[in-house]
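upload_14.txt (compact mmCIF, C-alpha atoms and all ligand atoms)
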# COMPACT_ATOMS: atom_id res chain seq x y z
CA MET A 79 19.07 -35.68 -8.25
CA LEU A 80 15.49 -34.69 -8.82
CA ARG A 81 14.29 -31.83 -6.64
CA ARG A 82 10.90 -32.50 -5.23
CA GLY A 83 9.12 -29.28 -4.46
CA PRO A 84 5.89 -28.69 -2.60
CA PHE A 85 3.88 -29.35 -5.73
CA PHE A 86 5.28 -32.87 -5.99
CA PHE A 87 4.22 -33.62 -2.44
CA PHE A 88 0.80 -32.14 -3.00
CA VAL A 89 0.28 -34.42 -6.00
CA PHE A 90 1.77 -37.37 -4.10
CA LEU A 91 -0.49 -36.90 -1.09
CA SER A 92 -3.62 -36.40 -3.14
CA MET A 93 -2.78 -39.51 -5.15
CA GLN A 94 -2.62 -41.45 -1.90
CA SER A 95 -6.01 -40.21 -0.75
CA THR A 96 -7.45 -40.74 -4.23
CA LEU A 97 -6.46 -44.37 -3.95
CA LEU A 98 -8.24 -44.64 -0.61
CA THR A 99 -11.32 -42.99 -2.13
CA THR A 100 -11.20 -45.38 -5.07
CA TYR A 101 -11.11 -48.43 -2.79
CA SER A 102 -13.81 -47.03 -0.50
CA GLU A 103 -16.11 -46.18 -3.39
CA ARG A 104 -15.61 -49.58 -4.94
CA LEU A 105 -16.37 -51.32 -1.63
CA ALA A 106 -19.51 -49.25 -1.17
CA GLU A 107 -20.79 -51.02 -4.30
CA THR A 108 -19.23 -54.44 -4.03
CA LEU A 109 -19.54 -55.24 -0.32
CA PRO A 110 -23.37 -55.12 -0.17
CA ARG A 111 -23.47 -57.23 -3.35
CA VAL A 112 -21.10 -59.85 -1.95
CA ARG A 113 -22.95 -59.93 1.38
CA GLU A 114 -26.21 -60.40 -0.47
CA GLN A 115 -24.74 -63.16 -2.60
CA ILE A 116 -23.58 -64.96 0.53
CA ALA A 117 -26.97 -64.53 2.21
CA ARG A 118 -28.76 -65.84 -0.86
CA ALA A 119 -26.48 -68.88 -1.04
CA GLU A 120 -26.99 -69.55 2.68
CA ALA A 121 -30.76 -69.38 2.25
CA ALA A 122 -30.72 -71.55 -0.89
CA ALA A 123 -28.74 -74.18 1.02
CA GLY A 124 -31.19 -74.04 3.93
CA ARG A 125 -28.45 -72.76 6.19
CA GLY A 126 -28.89 -70.01 8.76
CA GLU A 127 -28.22 -66.42 7.80
CA GLY A 128 -24.74 -65.31 8.83
CA VAL A 129 -23.25 -68.78 9.28
CA VAL A 130 -20.64 -68.09 6.61
CA ARG A 131 -17.84 -65.72 7.54
CA LEU A 132 -16.48 -63.35 4.92
CA ILE A 133 -12.71 -63.10 4.76
CA ALA A 134 -11.67 -60.15 2.63
CA VAL A 135 -8.54 -61.03 0.69
CA THR A 136 -6.43 -57.88 0.49
CA LYS A 137 -3.30 -59.63 -0.82
CA SER A 138 -1.34 -57.70 -3.45
CA HIS A 139 -3.39 -54.58 -2.75
CA PRO A 140 -1.79 -51.57 -1.08
CA LEU A 141 -2.34 -50.23 2.44
CA GLU A 142 -5.19 -48.02 1.19
CA CYS A 143 -7.15 -51.16 0.36
CA VAL A 144 -6.82 -52.42 3.93
CA GLU A 145 -7.73 -48.97 5.23
CA ALA A 146 -10.88 -48.95 3.09
CA ALA A 147 -11.76 -52.50 4.16
CA LEU A 148 -11.43 -51.59 7.84
CA GLY A 149 -13.44 -48.44 7.21
CA ALA A 150 -16.21 -50.52 5.67
CA GLY A 151 -16.36 -52.66 8.80
CA LEU A 152 -14.53 -55.72 7.45
CA ARG A 153 -12.60 -57.38 10.29
CA ASP A 154 -11.32 -60.62 8.75
CA LEU A 155 -8.50 -59.97 6.30
CA GLY A 156 -6.59 -62.53 4.24
CA GLU A 157 -3.02 -62.29 2.97
CA ASN A 158 -0.87 -64.82 1.17
CA ARG A 159 2.68 -63.59 1.69
CA VAL A 160 4.38 -63.33 5.06
CA GLU A 161 6.31 -60.15 4.17
CA GLU A 162 3.18 -58.38 3.05
CA LEU A 163 1.20 -59.56 6.06
CA GLU A 164 3.97 -58.28 8.34
CA ALA A 165 3.98 -54.89 6.64
CA LYS A 166 0.21 -54.53 6.96
CA VAL A 167 0.08 -55.69 10.57
CA ARG A 168 2.93 -53.32 11.39
CA HIS A 169 1.02 -50.45 9.82
CA PHE A 170 -2.48 -51.09 11.19
CA GLY A 171 -1.68 -53.03 14.36
CA ALA A 172 -2.41 -56.60 15.37
CA ASP A 173 -5.75 -55.66 16.92
CA ALA A 174 -7.14 -53.84 13.90
CA ALA A 175 -8.34 -57.09 12.32
CA THR A 176 -8.26 -60.84 12.51
CA TRP A 177 -5.37 -61.57 10.17
CA HIS A 178 -5.64 -64.73 8.10
CA MET A 179 -2.58 -66.24 6.42
CA ILE A 180 -4.10 -68.04 3.43
CA GLY A 181 -1.17 -68.60 1.06
CA HIS A 182 1.44 -71.33 0.83
CA LEU A 183 3.93 -70.94 3.65
CA GLN A 184 7.53 -72.08 3.47
CA SER A 185 8.57 -73.96 6.61
CA ARG A 186 11.44 -71.57 7.23
CA LYS A 187 8.94 -68.70 7.50
CA ALA A 188 6.62 -70.50 9.93
CA ARG A 189 7.88 -68.61 12.95
CA ARG A 190 7.36 -65.22 11.29
CA ALA A 191 3.87 -66.19 10.13
CA VAL A 192 2.89 -67.34 13.60
CA ALA A 193 4.08 -64.02 15.02
CA VAL A 194 1.65 -61.98 12.91
CA ALA A 195 -1.22 -64.24 11.79
CA ASP A 196 -4.24 -64.96 13.99
CA VAL A 197 -5.16 -67.98 11.88
CA VAL A 198 -2.98 -69.92 9.43
CA HIS A 199 -5.25 -71.50 6.78
CA SER A 200 -2.50 -73.05 4.75
CA VAL A 201 -0.89 -75.76 6.86
CA ASP A 202 -0.29 -78.05 3.92
CA SER A 203 2.27 -80.61 5.14
CA LEU A 204 3.35 -82.37 8.32
CA LYS A 205 6.73 -80.70 8.00
CA LEU A 206 5.14 -77.25 8.09
CA ALA A 207 2.77 -78.31 10.88
CA ARG A 208 5.75 -79.33 13.02
CA LYS A 209 7.43 -75.95 12.43
CA VAL A 210 4.23 -74.10 13.33
CA SER A 211 3.90 -76.30 16.40
CA SER A 212 7.45 -75.50 17.61
CA ALA A 213 6.92 -71.81 16.92
CA ALA A 214 3.74 -71.96 18.99
CA MET A 215 5.52 -73.73 21.84
CA GLU A 216 8.29 -71.11 21.83
CA GLY A 217 5.70 -68.37 21.93
CA GLY A 218 3.94 -70.12 24.77
CA GLY A 219 0.48 -70.04 23.20
CA LEU A 220 -1.86 -71.89 20.90
CA VAL A 221 -1.82 -71.16 17.19
CA GLU A 222 -5.11 -71.49 15.34
CA VAL A 223 -4.70 -73.39 12.11
CA LEU A 224 -6.65 -74.92 9.27
CA VAL A 225 -5.27 -77.87 7.36
CA GLN A 226 -5.09 -77.40 3.61
CA VAL A 227 -6.26 -80.32 1.52
CA ASN A 228 -5.69 -80.71 -2.20
CA THR A 229 -9.18 -81.71 -3.30
CA SER A 230 -8.58 -81.15 -7.01
CA GLY A 231 -5.54 -83.38 -7.37
CA GLU A 232 -3.89 -80.60 -9.39
CA GLU A 233 -0.13 -80.59 -8.97
CA SER A 234 -0.05 -76.81 -8.83
CA LYS A 235 -2.11 -76.87 -5.62
CA SER A 236 -0.58 -77.60 -2.25
CA GLY A 237 -2.17 -79.57 0.53
CA PHE A 238 -2.66 -83.09 1.79
CA ALA A 239 -3.90 -85.54 -0.83
CA VAL A 240 -7.55 -86.33 -0.06
CA ASN A 241 -7.16 -90.08 -0.11
CA SER A 242 -4.30 -90.31 2.37
CA ALA A 243 -5.22 -87.21 4.37
CA PHE A 244 -7.06 -88.79 7.27
CA ASP A 245 -4.09 -90.51 8.95
CA GLU A 246 -1.67 -87.65 8.38
CA ILE A 247 -4.10 -85.03 9.63
CA ALA A 248 -4.92 -87.20 12.64
CA GLU A 249 -1.19 -87.24 13.42
CA LEU A 250 -0.91 -83.50 12.84
CA SER A 251 -3.81 -82.80 15.19
CA GLN A 252 -1.85 -84.32 18.09
CA LEU A 253 1.03 -81.83 17.78
CA PRO A 254 1.32 -79.51 20.77
CA GLY A 255 0.57 -75.81 20.40
CA LEU A 256 -1.91 -76.19 17.56
CA ARG A 257 -5.63 -75.58 17.70
CA VAL A 258 -6.96 -77.19 14.54
CA ASN A 259 -10.08 -75.21 13.62
CA GLY A 260 -10.82 -77.26 10.54
CA LEU A 261 -9.91 -77.68 6.88
CA MET A 262 -9.23 -75.44 3.89
CA THR A 263 -9.15 -76.08 0.17
CA MET A 264 -8.85 -74.39 -3.19
CA ALA A 265 -11.03 -75.80 -5.95
CA PRO A 266 -9.78 -76.08 -9.52
CA PHE A 267 -10.09 -72.82 -11.45
CA ILE A 268 -12.95 -73.83 -13.72
CA ASP A 269 -16.65 -73.15 -14.16
CA ASP A 270 -17.87 -76.75 -14.08
CA GLU A 271 -20.19 -76.80 -11.07
CA VAL A 272 -20.16 -80.57 -10.80
CA VAL A 273 -16.37 -80.67 -10.52
CA LEU A 274 -16.40 -77.80 -8.01
CA ALA A 275 -19.15 -79.43 -5.94
CA ASN A 276 -17.24 -82.72 -5.88
CA ALA A 277 -14.09 -81.00 -4.63
CA PHE A 278 -15.94 -79.15 -1.86
CA ALA A 279 -18.02 -82.18 -0.89
CA SER A 280 -14.88 -84.27 -0.52
CA LEU A 281 -13.51 -81.70 1.93
CA ARG A 282 -16.78 -81.77 3.88
CA ARG A 283 -16.78 -85.57 4.10
CA LEU A 284 -13.16 -85.60 5.26
CA SER A 285 -14.04 -82.96 7.85
CA GLU A 286 -16.99 -85.02 9.12
CA SER A 287 -14.84 -88.09 9.63
CA LEU A 288 -12.05 -86.13 11.35
CA VAL A 289 -14.47 -84.27 13.62
CA SER A 290 -16.18 -87.47 14.72
CA ALA A 291 -12.92 -89.37 15.24
CA ILE A 292 -10.73 -86.75 16.91
CA ASN A 293 -11.57 -84.94 20.09
CA GLY A 294 -11.35 -81.17 19.66
CA PHE A 295 -10.95 -81.22 15.89
CA GLY A 296 -12.70 -78.10 14.59
CA ALA A 297 -15.50 -78.15 12.03
CA GLU A 298 -14.60 -75.00 10.06
CA LEU A 299 -14.47 -75.34 6.28
CA SER A 300 -12.53 -72.55 4.58
CA MET A 301 -13.66 -72.90 0.98
CA GLY A 302 -15.04 -70.62 -1.69
CA MET A 303 -13.48 -67.71 -3.59
CA THR A 304 -14.87 -65.12 -6.00
CA ASN A 305 -15.66 -67.64 -8.74
CA ASP A 306 -17.03 -70.50 -6.69
CA LEU A 307 -18.54 -69.14 -3.50
CA ASP A 308 -22.12 -70.20 -4.27
CA VAL A 309 -21.15 -73.82 -4.78
CA ALA A 310 -18.86 -73.74 -1.73
CA ILE A 311 -21.65 -72.43 0.50
CA ARG A 312 -24.04 -75.04 -0.85
CA GLU A 313 -21.48 -77.70 0.09
CA GLY A 314 -21.04 -76.45 3.65
CA SER A 315 -18.41 -73.71 3.64
CA THR A 316 -18.14 -71.76 6.89
CA MET A 317 -15.60 -69.19 5.59
CA VAL A 318 -15.27 -67.77 2.11
CA ARG A 319 -12.08 -66.00 1.05
CA ILE A 320 -13.02 -63.23 -1.36
CA GLY A 321 -10.63 -60.87 -3.13
CA THR A 322 -11.58 -59.94 -6.70
CA ALA A 323 -15.33 -59.53 -6.13
CA LEU A 324 -14.59 -56.95 -3.42
CA PHE A 325 -11.51 -55.13 -4.63
CA GLY A 326 -11.27 -55.79 -8.36
CA PRO A 327 -8.23 -57.18 -10.14
CA ARG A 328 -5.04 -57.26 -8.10
CA PRO A 329 -2.27 -54.78 -8.81
CA GLY A 330 1.25 -55.66 -7.71
CA TYR A 331 2.31 -54.97 -4.18
CA THR A 332 5.86 -54.65 -2.92
CA THR A 333 7.05 -53.96 0.58
C1 LIG B 1 -6.12 -64.99 -3.77
C2 LIG B 1 -6.77 -66.02 -2.95
C3 LIG B 1 -8.15 -65.95 -2.69
C4 LIG B 1 -9.07 -64.89 -3.27
O1 LIG B 1 -9.29 -65.12 -4.63
P1 LIG B 1 -10.36 -64.28 -5.48
O2 LIG B 1 -10.60 -65.14 -6.66
O3 LIG B 1 -9.70 -62.99 -5.82
O4 LIG B 1 -11.57 -64.10 -4.65
C5 LIG B 1 -8.69 -66.93 -1.87
N1 LIG B 1 -7.92 -67.91 -1.34
C6 LIG B 1 -6.61 -68.00 -1.55
C7 LIG B 1 -5.83 -69.08 -0.93
C8 LIG B 1 -5.99 -67.06 -2.37
O5 LIG B 1 -4.68 -67.16 -2.60

If you convert what's in this file into structure tokens, what do you get?
Amino acid sequence: MLRRGPFFFFVFLSMQSTLLTTYSERLAETLPRVREQIARAEAAAGRGEGVVRLIAVTKSHPLECVEAALGAGLRDLGENRVEELEAKVRHFGADAATWHMIGHLQSRKARRAVAVADVVHSVDSLKLARKVSSAAMEGGGLVEVLVQVNTSGEESKSGFAVNSAFDEIAELSQLPGLRVNGLMTMAPFIDDEVVLANAFASLRRLSESLVSAINGFGAELSMGMTNDLDVAIREGSTMVRIGTALFGPRPGYTT
């Protein structure tokens, strides 16, 4: 077995703090830029300053990334795997941030997700919604959710199909234990602004009809990522989920 002397631990510890410094230094550059980009998009769309909430997507980044994000004043953090979300919440505490579960969630992990997430953005089927609802009832509280809609029609994307979504989401919204804050979508990964705008606009129109038809249905629109946040804000986004523009390319992360 390898003997690890004091020098090893010195190098190990300074590597850890170097990583924190790297994330903090990067954020010092990127966060003001991203905030400015959001503000410019809000202004260009004639929307009030600060109406769009920034969710910092720390998925696949290590604990140092979350530490740097918290240090920079970010309080909405997004994760896409339950195990990783659990590890981060365990480390920093439930109250350190508003924890957003944004990735596809298997029904059998619904209970675990509900235990650690403040908001689940990715309720993408009635089956999952029922599991989240029962988990909420067991926990004796309300779980805040967004309903994911597949606005691109791409098979690789999860979510309710736009055309049949209204009736299913109306049914979902009546499940006990859920507070439906609104809708979420992922646009296709392309640069064509017209295609992106159409995807986001279809989510906004669906939201408008659900909000006017269903009492208590929330008007949040979680849409917009690094590559399409301007278009998303123009089309009415109220929450953008930004990873790469803040933290750079994602390394692997294992718990
Ligand atoms: C990874 C991810 C994001 C962030 O994507 P970036 O392009 O890195 O900004 C946003 N939303 C969801 C659902 C994601 O999985």

How big is the axis-aligned box around all listed atoms of ligand LIG 1 (chain B) once 4 Å goes on each side, and where's its centre, in Å to one decimal, as JSON?
{"center_x": -8.1, "center_y": -66.0, "center_z": -3.8, "size_x": 14.9, "size_y": 14.1, "size_z": 13.7}

Compile the contact shell of Trp177 (chain A) as an MDAnalysis selection string: residues with an atom at most 7 Å away, counting all atoms listed in the file, same-chain residues fewer than 5 positions apart removed. chainID A and resid 154:156 195:197

Measure the distance from CA of Glu298 (chain A) to CA of Gly260 (chain A) in Å and round it to one decimal. 4.4 Å

Would you please work out which residue, of A:Glu271, A:Glu164, A:Val135, A:Ala279, is nearest to ligand LIG 1 (chain B) when using all atoms listed in the file?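 So, comparing all the options, the nearest one is A:Val135.
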
I'd like to know which of A:Ala123, A:Ala297, A:Val309, A:Leu132 is closest to Asp269 (chain A), using only C-alpha atoms.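 Among the listed residues, A:Val309 lies closest to Asp269 (chain A).
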
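Compared by their closest atoms to ligand LIG 1 (chain B), and using all atoms listed in the file, the residues A:Gly218, A:Gly330, A:Gly181, A:Gly314 rank with A:Gly181 nearest.
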
Coordinates-based distance that separates atom C6 of ligand LIG 1 (chain B) from CA of Ala147 (chain A) (Å, one decimal):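 Atom-to-atom, CA of Ala147 (chain A) and atom C6 of ligand LIG 1 (chain B) are spaced 17.3 Å apart.
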
Select, from A:Asp306, A:Glu120, A:Glu103, A:Glu162, the residue with the minimum atom-to-atom distance to Ile268 (chain A), counting all atoms listed in the file.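 The closest residue to Ile268 (chain A) is A:Asp306.
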
Need the shell around Gly149 (chain A): protein/DNA/RNA residues with any atom at most 10 Å away, counting only C-alpha atoms. Skip same-chain ones fewer than 6 positions apart. Format as a PDB file with C-alpha atoms, keeping the file's coordinate frame?
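Okay, this is what ended up in result27.pdb:
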ATOM      1  CA  SER A 102     -13.810 -47.030  -0.500  1.00  0.00           C
ATOM      2  CA  LEU A 105     -16.370 -51.320  -1.630  1.00  0.00           C
ATOM      3  CA  CYS A 143      -7.150 -51.160   0.360  1.00  0.00           C
TER       4      CYS A 143
END
